[in-house]
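Content type mmCIF, C-alpha atoms and all ligand atoms, from the file my_file02.cif:
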```cif
data_run
loop_
_atom_site.label_atom_id
_atom_site.label_comp_id
_atom_site.auth_asym_id
_atom_site.auth_seq_id
_atom_site.Cartn_x
_atom_site.Cartn_y
_atom_site.Cartn_z
CA MET R 1 -25.17 -41.89 11.68
CA ILE R 2 -23.65 -38.81 10.05
CA ASP R 3 -23.48 -38.89 6.26
CA ARG R 4 -22.52 -35.35 5.29
CA PHE R 5 -19.49 -33.60 6.65
CA VAL R 6 -19.01 -29.90 7.33
CA SER R 7 -15.61 -28.25 6.73
CA ASP R 8 -15.64 -25.77 9.58
CA CYS R 9 -17.45 -25.67 12.93
CA VAL R 10 -17.71 -22.96 15.53
CA ASN R 11 -15.28 -23.72 18.34
CA LEU R 12 -17.20 -23.07 21.53
CA TYR R 13 -16.60 -25.73 24.15
CA LEU R 14 -18.80 -25.05 27.16
CA THR R 15 -21.08 -27.59 28.74
CA GLY R 16 -24.50 -26.68 30.18
CA THR R 17 -23.04 -26.71 33.70
CA GLU R 18 -20.19 -24.45 32.60
CA TRP R 19 -22.64 -21.96 31.04
CA ARG R 20 -24.61 -21.90 34.27
CA GLY R 21 -21.46 -21.33 36.35
CA LEU R 22 -20.37 -18.64 33.93
CA LEU R 23 -23.64 -16.73 34.23
CA ILE R 24 -23.46 -16.87 38.04
CA ASP R 25 -19.82 -15.67 37.99
CA LEU R 26 -20.80 -12.77 35.75
CA PHE R 27 -22.57 -11.15 38.68
CA ARG R 28 -19.56 -11.29 40.97
CA LYS R 29 -17.80 -7.99 41.62
CA SER R 30 -14.20 -8.86 40.68
CA ASP R 31 -13.01 -8.70 37.07
CA PRO R 32 -12.09 -12.24 35.88
CA ARG R 33 -9.64 -10.94 33.27
CA PRO R 34 -6.45 -11.32 35.39
CA VAL R 35 -7.39 -14.97 36.07
CA PHE R 36 -7.90 -15.62 32.35
CA GLU R 37 -4.59 -13.91 31.51
CA GLU R 38 -2.73 -15.93 34.15
CA THR R 39 -4.33 -19.19 32.97
CA ALA R 40 -3.36 -18.44 29.36
CA ALA R 41 0.21 -17.35 30.23
CA ARG R 42 0.76 -20.51 32.30
CA TYR R 43 -0.56 -22.68 29.47
CA LEU R 44 1.70 -20.97 26.91
CA GLY R 45 4.78 -21.03 29.14
CA VAL R 46 5.28 -17.25 29.01
CA SER R 47 5.43 -14.74 31.84
CA HIS R 48 2.63 -12.45 30.62
CA ALA R 49 -0.55 -12.60 28.58
CA THR R 50 -2.92 -9.71 27.86
CA ALA R 51 -6.51 -10.37 26.80
CA LEU R 52 -7.57 -8.24 23.84
CA ALA R 53 -10.57 -7.57 21.64
CA SER R 54 -8.83 -9.26 18.64
CA ALA R 55 -5.59 -10.79 17.40
CA ARG R 56 -5.09 -7.87 15.02
CA LEU R 57 -5.08 -5.49 17.98
CA GLY R 58 -2.31 -7.69 19.43
CA LEU R 59 -0.12 -7.14 16.36
CA TYR R 60 -0.86 -3.41 16.41
CA LEU R 61 0.19 -3.11 20.07
CA ILE R 62 3.38 -5.15 19.57
CA LEU R 63 4.40 -2.95 16.64
CA SER R 64 3.49 0.21 18.53
CA TYR R 65 5.72 -0.95 21.38
CA ILE R 66 8.63 -1.58 18.97
CA ARG R 67 8.10 1.91 17.53
CA GLN R 68 8.49 3.61 20.86
CA SER R 69 11.17 1.36 22.37
CA ARG R 70 13.95 1.22 19.80
CA ALA R 71 15.73 3.57 17.39
CA LEU R 72 14.24 3.03 13.96
CA PRO R 73 15.40 3.85 10.43
CA ALA R 74 13.42 6.49 8.53
CA LYS R 75 11.35 3.87 6.70
CA PRO R 76 11.20 0.85 9.01
CA GLU R 77 10.12 -2.40 7.37
CA ILE R 78 8.51 -5.60 8.67
CA LEU R 79 8.95 -8.92 6.84
CA LEU R 80 5.97 -11.24 6.48
CA SER R 81 5.02 -14.22 4.36
CA ALA R 82 3.27 -13.11 1.16
CA TYR R 83 0.77 -15.96 1.77
CA ASN R 84 -1.08 -14.43 4.69
CA PHE R 85 -4.25 -13.14 6.30
CA PHE R 86 -5.42 -10.03 4.41
CA ALA R 87 -5.46 -7.69 7.44
CA ILE R 88 -1.79 -8.13 8.39
CA PRO R 89 -0.21 -5.66 5.89
CA HIS R 90 -2.89 -3.09 6.75
CA ILE R 91 -2.09 -3.32 10.47
CA ILE R 92 1.65 -3.04 9.78
CA ARG R 93 1.07 0.18 7.79
CA ALA R 94 -1.31 1.58 10.41
CA ALA R 95 1.41 1.08 13.05
CA GLY R 96 3.84 3.14 10.94
CA PHE R 97 5.89 0.41 9.23
CA GLU R 98 6.22 -0.78 5.62
CA PRO R 99 5.22 -4.44 5.07
CA ARG R 100 7.67 -6.40 2.87
CA CYS R 101 6.77 -9.81 1.52
CA VAL R 102 8.87 -12.97 1.50
CA ASP R 103 7.65 -15.89 -0.60
CA ALA R 104 6.07 -18.84 1.22
CA ASP R 105 7.47 -22.35 1.48
CA PRO R 106 5.13 -24.27 -0.88
CA ALA R 107 5.35 -27.35 1.38
CA THR R 108 3.98 -25.64 4.50
CA GLY R 109 2.46 -22.29 3.52
CA ASN R 110 4.78 -20.62 6.06
CA ILE R 111 7.46 -18.01 5.36
CA ASP R 112 10.33 -19.67 3.47
CA PRO R 113 13.41 -19.41 5.76
CA ALA R 114 15.77 -19.87 2.78
CA LEU R 115 14.51 -16.60 1.24
CA ILE R 116 14.48 -14.35 4.31
CA GLU R 117 18.10 -13.15 4.35
CA LYS R 118 17.87 -11.93 0.74
CA CYS R 119 14.95 -9.70 1.78
CA ILE R 120 16.64 -8.11 4.82
CA THR R 121 17.72 -4.49 4.29
CA PRO R 122 19.09 -1.83 6.70
CA ASN R 123 15.44 -0.80 7.14
CA THR R 124 14.22 -4.22 8.34
CA VAL R 125 13.14 -4.14 11.97
CA ALA R 126 11.11 -7.29 12.59
CA LEU R 127 9.84 -10.51 11.10
CA ILE R 128 6.38 -12.00 11.55
CA ALA R 129 6.29 -15.81 11.66
CA THR R 130 2.73 -16.91 10.84
CA HIS R 131 2.04 -20.54 11.74
CA SER R 132 -0.26 -21.01 8.75
CA HIS R 133 -3.21 -23.35 9.30
CA GLY R 134 -1.57 -24.43 12.56
CA TRP R 135 1.66 -25.77 11.04
CA PRO R 136 4.54 -24.44 13.21
CA CYS R 137 7.25 -22.40 11.47
CA PRO R 138 10.86 -23.62 11.98
CA MET R 139 11.32 -21.37 15.00
CA ASP R 140 14.97 -22.30 15.72
CA GLU R 141 15.98 -21.19 12.20
CA LEU R 142 13.89 -18.03 12.33
CA GLN R 143 15.23 -17.19 15.79
CA ALA R 144 18.84 -17.60 14.55
CA ILE R 145 18.21 -15.34 11.54
CA CYS R 146 16.56 -12.69 13.71
CA ARG R 147 19.39 -12.80 16.26
CA SER R 148 22.10 -12.44 13.67
CA HIS R 149 20.39 -9.43 12.03
CA ARG R 150 19.06 -7.86 15.26
CA LEU R 151 15.43 -8.24 14.17
CA GLU R 152 12.48 -8.62 16.50
CA LEU R 153 10.66 -11.93 16.08
CA ILE R 154 6.86 -11.80 16.31
CA GLU R 155 4.67 -14.91 16.09
CA ASP R 156 1.22 -14.85 14.51
CA CYS R 157 -0.43 -17.70 16.41
CA ALA R 158 -4.01 -17.04 15.27
CA HIS R 159 -4.09 -20.68 14.06
CA ALA R 160 -1.57 -22.16 16.45
CA LEU R 161 -3.02 -22.20 19.97
CA GLY R 162 -2.05 -25.65 21.24
CA GLY R 163 0.86 -26.24 18.84
CA ASP R 164 4.53 -26.50 19.65
CA TYR R 165 7.84 -26.51 17.85
CA ALA R 166 10.54 -28.79 19.29
CA GLY R 167 8.58 -29.13 22.51
CA LYS R 168 8.26 -25.36 23.11
CA LYS R 169 4.84 -23.80 22.66
CA CYS R 170 4.05 -21.70 19.61
CA GLY R 171 3.82 -18.18 20.90
CA SER R 172 6.72 -18.41 23.35
CA TRP R 173 9.68 -18.01 20.96
CA GLY R 174 10.09 -14.36 20.02
CA LEU R 175 9.62 -10.89 21.47
CA ALA R 176 5.88 -11.49 21.51
CA SER R 177 3.03 -13.35 19.88
CA PHE R 178 -0.66 -12.83 19.23
CA PHE R 179 -3.55 -15.31 19.23
CA SER R 180 -7.11 -15.12 17.94
CA LEU R 181 -10.17 -16.30 19.86
CA SER R 182 -12.68 -15.68 17.07
CA LEU R 183 -15.37 -18.22 16.17
CA THR R 184 -13.34 -20.74 14.13
CA LYS R 185 -10.07 -20.78 16.09
CA THR R 186 -8.89 -23.52 18.50
CA ILE R 187 -11.18 -22.10 21.21
CA SER R 188 -13.47 -19.13 20.93
CA THR R 189 -14.77 -16.30 23.07
CA TYR R 190 -17.00 -15.17 20.14
CA SER R 191 -14.23 -12.75 19.22
CA GLY R 192 -11.07 -11.78 21.02
CA GLY R 193 -7.36 -12.26 21.16
CA LEU R 194 -4.30 -12.60 23.34
CA LEU R 195 -0.89 -10.98 23.37
CA ALA R 196 1.79 -13.20 24.96
CA THR R 197 5.29 -12.09 25.88
CA ASN R 198 8.19 -12.60 28.29
CA ASN R 199 9.04 -8.90 28.08
CA PRO R 200 7.72 -7.03 31.15
CA ASP R 201 7.96 -3.62 29.43
CA LEU R 202 5.87 -4.77 26.48
CA HIS R 203 3.37 -6.32 28.89
CA ARG R 204 3.10 -3.05 30.81
CA PHE R 205 2.75 -1.10 27.55
CA ALA R 206 -0.09 -3.36 26.31
CA THR R 207 -1.90 -3.41 29.66
CA GLU R 208 -1.80 0.37 29.89
CA ALA R 209 -2.93 0.78 26.29
CA VAL R 210 -6.05 -1.35 26.79
CA ARG R 211 -6.92 -0.02 30.26
CA ASP R 212 -9.20 2.74 29.01
CA TYR R 213 -10.60 1.06 25.93
CA PRO R 214 -14.41 1.16 25.99
CA ARG R 215 -16.51 -1.99 26.10
CA PRO R 216 -17.72 -3.13 22.69
CA PRO R 217 -20.99 -1.33 21.81
CA ALA R 218 -24.00 -3.41 22.89
CA VAL R 219 -25.86 -3.80 19.58
CA PRO R 220 -22.95 -5.21 17.49
CA LEU R 221 -21.98 -7.38 20.48
CA ILE R 222 -25.46 -8.90 20.79
CA LYS R 223 -25.54 -9.34 16.98
CA LYS R 224 -22.20 -11.16 17.14
CA ILE R 225 -23.40 -13.46 19.94
CA CYS R 226 -26.64 -14.23 18.04
CA LEU R 227 -24.83 -14.87 14.75
CA GLY R 228 -22.22 -16.97 16.55
CA THR R 229 -24.93 -19.06 18.18
CA VAL R 230 -26.76 -19.58 14.85
CA ALA R 231 -23.47 -20.46 13.11
CA ASP R 232 -22.65 -22.85 15.96
CA LEU R 233 -26.00 -24.62 15.52
CA LEU R 234 -25.87 -24.76 11.72
CA THR R 235 -22.34 -26.19 11.70
CA THR R 236 -22.93 -28.76 14.43
CA PRO R 237 -22.17 -32.05 12.62
CA LEU R 238 -25.65 -33.51 13.23
CA LEU R 239 -27.56 -30.39 12.17
CA PHE R 240 -25.35 -29.94 9.14
CA ASP R 241 -26.11 -33.52 8.13
CA LEU R 242 -29.87 -33.17 8.63
CA PHE R 243 -30.50 -29.60 7.58
CA THR R 244 -27.73 -27.17 6.57
CA TYR R 245 -26.28 -29.39 3.85
CA TYR R 246 -29.23 -28.89 1.45
CA PRO R 247 -29.37 -25.08 1.39
CA TRP R 248 -25.56 -25.14 1.29
CA LEU R 249 -25.66 -27.35 -1.82
CA LEU R 250 -28.20 -25.04 -3.51
CA LEU R 251 -26.11 -22.00 -2.68
CA ASP R 252 -23.03 -23.69 -4.12
CA ARG R 253 -24.86 -24.54 -7.32
CA TYR R 254 -26.59 -21.19 -7.94
CA CYS R 255 -24.59 -18.56 -6.02
CA PRO R 256 -21.10 -19.98 -5.31
CA GLU R 257 -19.61 -16.52 -4.64
CA VAL R 258 -22.25 -15.85 -1.96
CA LYS R 259 -21.39 -19.18 -0.35
CA GLU R 260 -17.67 -18.34 -0.24
CA GLY R 261 -18.52 -14.84 1.04
CA ILE R 262 -20.44 -16.24 4.03
CA MET R 263 -17.31 -18.01 5.20
CA THR R 264 -14.79 -15.27 4.47
CA GLU R 265 -14.28 -11.84 5.97
CA PRO R 266 -14.25 -9.12 3.24
CA SER R 267 -10.69 -7.87 2.64
CA SER R 268 -11.48 -4.22 3.34
CA PRO R 269 -8.84 -1.97 4.98
CA VAL R 270 -8.78 -2.21 8.76
CA GLN R 271 -9.99 0.81 10.76
CA ILE R 272 -7.61 0.89 13.72
CA GLY R 273 -10.01 2.98 15.84
CA SER R 274 -12.61 0.21 15.68
CA LEU R 275 -10.09 -2.25 17.21
CA HIS R 276 -9.80 -0.22 20.40
CA ARG R 277 -12.27 -2.20 22.48
CA SER R 278 -11.87 -4.05 25.77
CA PHE R 279 -12.10 -7.78 26.39
CA THR R 280 -15.26 -8.24 28.45
CA PRO R 281 -15.70 -10.20 31.73
CA PHE R 282 -18.08 -12.52 29.83
CA GLN R 283 -15.28 -13.39 27.39
CA SER R 284 -12.76 -13.89 30.22
CA LEU R 285 -15.14 -16.35 31.89
CA MET R 286 -15.49 -18.26 28.62
CA GLY R 287 -11.71 -18.30 28.18
CA ILE R 288 -10.98 -19.49 31.74
CA ARG R 289 -13.18 -22.56 31.14
CA GLN R 290 -11.76 -23.42 27.72
CA VAL R 291 -7.98 -23.02 28.03
CA PRO R 292 -7.65 -26.26 30.07
CA LYS R 293 -9.36 -28.13 27.19
CA VAL R 294 -6.97 -26.97 24.44
CA ASP R 295 -4.61 -29.96 24.49
CA ASP R 296 -7.43 -32.52 24.22
CA LEU R 297 -9.15 -30.55 21.45
CA VAL R 298 -5.95 -30.29 19.44
CA ALA R 299 -5.03 -33.93 19.97
CA ARG R 300 -8.36 -35.08 18.54
CA ARG R 301 -8.06 -32.72 15.54
CA ARG R 302 -4.50 -33.96 14.91
CA GLU R 303 -5.56 -37.60 15.05
CA ASN R 304 -8.40 -36.93 12.59
CA SER R 305 -6.09 -35.06 10.25
CA LEU R 306 -3.37 -37.70 10.20
CA PHE R 307 -5.94 -40.40 9.44
CA LEU R 308 -7.35 -38.41 6.51
CA LEU R 309 -3.89 -37.58 5.19
CA ARG R 310 -3.08 -41.30 5.05
CA THR R 311 -6.34 -41.83 3.13
CA LEU R 312 -5.25 -39.23 0.58
CA GLN R 313 -1.82 -40.75 -0.09
CA PRO R 314 -2.80 -42.72 -3.26
CA PHE R 315 -4.27 -39.63 -4.96
CA SER R 316 -1.53 -37.58 -6.60
CA PHE R 317 -3.88 -34.78 -7.76
CA ILE R 318 -4.63 -33.76 -4.17
CA ARG R 319 -1.60 -33.01 -2.01
CA PRO R 320 -1.38 -32.09 1.67
CA LEU R 321 0.48 -28.93 2.49
CA LYS R 322 3.03 -30.93 4.47
CA THR R 323 3.99 -34.55 3.86
CA ASP R 324 6.82 -35.05 6.35
CA TYR R 325 5.03 -36.36 9.43
CA ALA R 326 8.17 -37.50 11.24
CA VAL R 327 8.62 -34.16 12.92
CA THR R 328 9.55 -33.23 16.44
CA HIS R 329 6.86 -30.61 16.68
CA SER R 330 3.10 -30.72 17.07
CA PRO R 331 0.93 -29.02 14.49
CA VAL R 332 -2.58 -27.86 15.35
CA TYR R 333 -4.17 -28.63 11.94
CA LEU R 334 -6.66 -25.84 12.64
CA ASN R 335 -7.59 -26.46 9.01
CA LEU R 336 -6.63 -29.57 7.12
CA ALA R 337 -5.09 -27.71 4.18
CA VAL R 338 -4.58 -29.64 0.96
CA ARG R 339 -3.93 -28.36 -2.54
CA SER R 340 -5.04 -29.34 -6.00
CA ALA R 341 -4.76 -27.75 -9.44
CA LYS R 342 -8.35 -28.94 -9.93
CA ARG R 343 -9.62 -27.21 -6.79
CA THR R 344 -12.90 -25.76 -8.06
CA VAL R 345 -14.26 -28.89 -9.76
CA LEU R 346 -12.97 -31.09 -6.99
CA GLN R 347 -14.69 -29.01 -4.29
CA LYS R 348 -18.01 -29.18 -6.17
CA HIS R 349 -17.63 -32.93 -6.73
CA LEU R 350 -16.94 -33.50 -3.02
CA LEU R 351 -19.88 -31.35 -1.91
CA ARG R 352 -22.27 -33.24 -4.21
CA ASN R 353 -21.02 -36.36 -2.42
CA GLY R 354 -21.65 -35.00 1.05
CA ILE R 355 -18.20 -33.55 1.83
CA ASP R 356 -18.15 -29.81 2.37
CA THR R 357 -14.77 -28.12 1.87
CA ARG R 358 -13.68 -24.51 2.21
CA ARG R 359 -11.45 -22.55 -0.15
CA GLY R 360 -8.27 -21.33 1.61
CA TYR R 361 -8.83 -17.75 2.74
CA PHE R 362 -5.24 -16.51 2.85
CA VAL R 363 -4.51 -13.97 0.14
CA HIS R 364 -1.49 -12.88 -1.89
CA CYS R 365 -0.33 -9.92 0.22
CA ALA R 366 1.92 -8.46 -2.51
CA SER R 367 -1.16 -6.70 -3.88
CA ALA R 368 -1.48 -4.87 -0.55
CA THR R 369 2.25 -4.12 -0.15
CA GLY R 370 2.61 -2.77 -3.69
CA GLU R 371 5.15 -5.45 -4.69
CA ASN R 372 4.96 -7.46 -7.91
CA PRO R 373 2.89 -10.62 -7.16
CA SER R 374 4.71 -12.62 -9.86
CA LEU R 375 7.90 -12.41 -7.77
CA PHE R 376 6.24 -14.77 -5.26
CA PRO R 377 5.38 -17.89 -7.28
CA ALA R 378 4.94 -20.26 -4.33
CA THR R 379 2.40 -17.88 -2.77
CA GLN R 380 0.50 -17.63 -6.04
CA GLY R 381 0.33 -21.45 -6.24
CA LEU R 382 -0.96 -21.70 -2.67
CA CYS R 383 -3.62 -19.01 -3.23
CA ASP R 384 -4.81 -20.78 -6.39
CA GLU R 385 -4.89 -24.31 -5.01
CA VAL R 386 -5.40 -24.57 -1.24
CA PHE R 387 -8.67 -25.77 0.24
CA PHE R 388 -9.66 -27.24 3.60
CA LEU R 389 -11.12 -30.67 4.30
CA PRO R 390 -13.32 -31.45 7.33
CA ASN R 391 -11.06 -32.59 10.20
CA HIS R 392 -12.97 -31.22 13.11
CA ASN R 393 -12.58 -32.45 16.67
CA LYS R 394 -16.38 -32.64 16.91
CA TYR R 395 -16.10 -35.75 14.70
CA SER R 396 -15.43 -39.05 16.46
CA THR R 397 -12.83 -41.57 15.26
CA ASP R 398 -15.64 -43.61 13.77
CA GLN R 399 -17.11 -40.67 11.88
CA ILE R 400 -13.70 -39.73 10.54
CA ARG R 401 -13.14 -43.30 9.40
CA ARG R 402 -16.41 -43.07 7.45
CA LEU R 403 -15.39 -39.70 6.04
CA GLY R 404 -12.10 -41.31 4.89
CA GLU R 405 -13.99 -44.10 3.12
CA ARG R 406 -16.30 -41.57 1.45
CA LEU R 407 -13.34 -39.46 0.41
CA SER R 408 -11.51 -42.39 -1.22
CA ALA R 409 -14.66 -43.55 -3.02
CA CYS R 410 -15.30 -40.03 -4.27
CA LEU R 411 -11.77 -39.45 -5.49
CA LEU R 412 -11.86 -42.74 -7.44
CA LYS R 413 -14.93 -41.55 -9.37
CA PRO R 414 -14.50 -39.31 -12.42
CA PHE R 415 -15.33 -35.65 -11.74
C1 LIG N 1 -3.27 -15.79 10.44
C2 LIG N 1 -4.21 -14.82 11.04
N1 LIG N 1 -3.73 -13.78 11.73
C3 LIG N 1 -4.54 -12.89 12.33
C4 LIG N 1 -5.91 -13.01 12.24
C5 LIG N 1 -6.79 -11.98 12.88
O1 LIG N 1 -7.52 -12.51 13.94
P1 LIG N 1 -8.69 -11.61 14.62
O2 LIG N 1 -9.88 -11.77 13.76
O3 LIG N 1 -8.87 -12.17 15.99
O4 LIG N 1 -8.18 -10.21 14.63
C6 LIG N 1 -6.47 -14.09 11.54
C7 LIG N 1 -7.92 -14.27 11.46
O5 LIG N 1 -8.45 -15.21 10.92
C8 LIG N 1 -5.60 -15.01 10.90
O6 LIG N 1 -6.09 -16.04 10.18
#
```

Any chance you could put this one into structure tokens?
Amino acid sequence: MIDRFVSDCVNLYLTGTEWRGLLIDLFRKSDPRPVFEETAARYLGVSHATALASARLGLYLILSYIRQSRALPAKPEILLSAYNFFAIPHIIRAAGFEPRCVDADPATGNIDPALIEKCITPNTVALIATHSHGWPCPMDELQAICRSHRLELIEDCAHALGGDYAGKKCGSWGLASFFSLSLTKTISTYSGGLLATNNPDLHRFATEAVRDYPRPPAVPLIKKICLGTVADLLTTPLLFDLFTYYPWLLLDRYCPEVKEGIMTEPSSPVQIGSLHRSFTPFQSLMGIRQVPKVDDLVARRRENSLFLLRTLQPFSFIRPLKTDYAVTHSPVYLNLAVRSAKRTVLQKHLLRNGIDTRRGYFVHCASATGENPSLFPATQGLCDEVFFLPNHNKYSTDQIRRLGERLSACLLKPF
């Protein structure tokens, strides 16, 4: 019986038999990458997918394609939500564009469609729609805005593998999209990404670009696999309950910044050269076996999340990022994002009571774009208040029901 709940698990879904099959397939001559790419493209409902070393490389390649395929103004700009992953503005700059922030919708954490047109200038070339925490952006609205201003629409689906908007998969709406396959995403190949598109020229461009990329160097790769395996073990619900929880609690009490640092990638500028690595046959074999599981994994996570959100309804000091559940689209709930003005004390109170949470790791990108952060109040609010509750698909319905009871009891106590 699990009594302590971990906020984030490593998302590797391979059974013992699948590992064995994978290791045997590794010694076959043919490269499994085309099979993985075809499996992913079919799942996403697009004509082409390219397997990459990371999602950020996907964005870089899409922007590089736009650079060479259309006439651009002298200072081309890309619009993005100010509430975003830290690396995105760096990649935009590295590809030769200026990132320009639009404030987020405080209800979803996604780019606010009502504010986009005010931010479009003659220099605007494209818009990035980030499906934050797996909540799909209103793609029909964004598509209409992009069409009427002749902007390219790019989807950041790092959190949205398995989601759809109005019955059409996230990642199949715009010129192109990019997905992450790092440790905590819907499925993982230790690290990695995908570029999806219906545009054959962009597909050809990306395939040619990655053709000569070297394999990742062996030592960092082995380190990553070892760290991933350790992280996978330590965040397995049972091991977290029996072992990891106690050191975690001590770390939170005496070195809270170290604890946050373990979970969050440092926001240092991205070195584009270090992204130029190939997706290995080992990763393709992992991907081939996990793509068919995505729908079941997401369905379980969604069910867990909706149950917990109902549990939270009586507590006005803790609000989910989205309250309108009667929607025609399917969120992924990669993280169950909630917000509270009392975030820090609340997180400590929950951890003392066996519920680990994680502070939201999106940052205010205006600091990176050189814009005035106070012009984006919704983003500031999200950065100050968002944290993630455990909603993982490794928890059964029964375990989530117990987590819900614990959560209610905890929130009724003074903290
Ligand atoms: C929204 C978003 N976009 C892009 C990325 C980059 O993904 P990767 O680490 O695969 O480059 C992340 C990583 O967490 C992310 O959260």

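You can rank R:Gln290, R:Ser172, R:Thr130, R:Thr379 by their closest distance to R:His159 using only C-alpha atoms, and at the top of that list sits R:Thr130.
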
Could you give me the residues within 9 Å of ligand LIG 1 (chain N), counting only C-alpha atoms and all ligand atoms, as an MDAnalysis selection string?
chainID R and resid 52:59 84:88 130:133 156:160 178:185 191:194 265 275 361:362

Selection near R:Ser7, 10 Å with all atoms listed in the file, sequence-local residues under 6 positions removed, as a PyMOL selection string:
chain R and resi 235+237+335-336+355-359+387-392

File dump, residues just selected, C-alpha atoms, as a tab-separated table (two decimals), in the frame of the given file:
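After the write, selection-v8.tsv holds the following:
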```
chain	number	residue	atom	x	y	z
R	235	THR	CA	-22.34	-26.19	11.70
R	237	PRO	CA	-22.17	-32.05	12.62
R	335	ASN	CA	-7.59	-26.46	9.01
R	336	LEU	CA	-6.63	-29.57	7.12
R	355	ILE	CA	-18.20	-33.55	1.83
R	356	ASP	CA	-18.15	-29.81	2.37
R	357	THR	CA	-14.77	-28.12	1.87
R	358	ARG	CA	-13.68	-24.51	2.21
R	359	ARG	CA	-11.45	-22.55	-0.15
R	387	PHE	CA	-8.67	-25.77	0.24
R	388	PHE	CA	-9.66	-27.24	3.60
R	389	LEU	CA	-11.12	-30.67	4.30
R	390	PRO	CA	-13.32	-31.45	7.33
R	391	ASN	CA	-11.06	-32.59	10.20
R	392	HIS	CA	-12.97	-31.22	13.11
```

Around the point (-7.4, -2.5, 27.6) in the file's coordinates, collect all residues with an atom within 12 Å, using all atoms listed in the file, and return them as a PyMOL selection string.
chain R and resi 33-34+50-54+57-58+61+192-195+203-216+275-280

Just to confirm, what's the straight-line distance from atom CA of R:Leu407 to atom CA of R:Leu350 in Å (one decimal)?
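A separation of 7.8 Å between them.
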
Between atom CA of R:Glu98 and atom CA of R:Leu175, what distance in Å does the model show, to one decimal?
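Result for atom CA of R:Glu98 versus atom CA of R:Leu175: 19.1 Å, one decimal.
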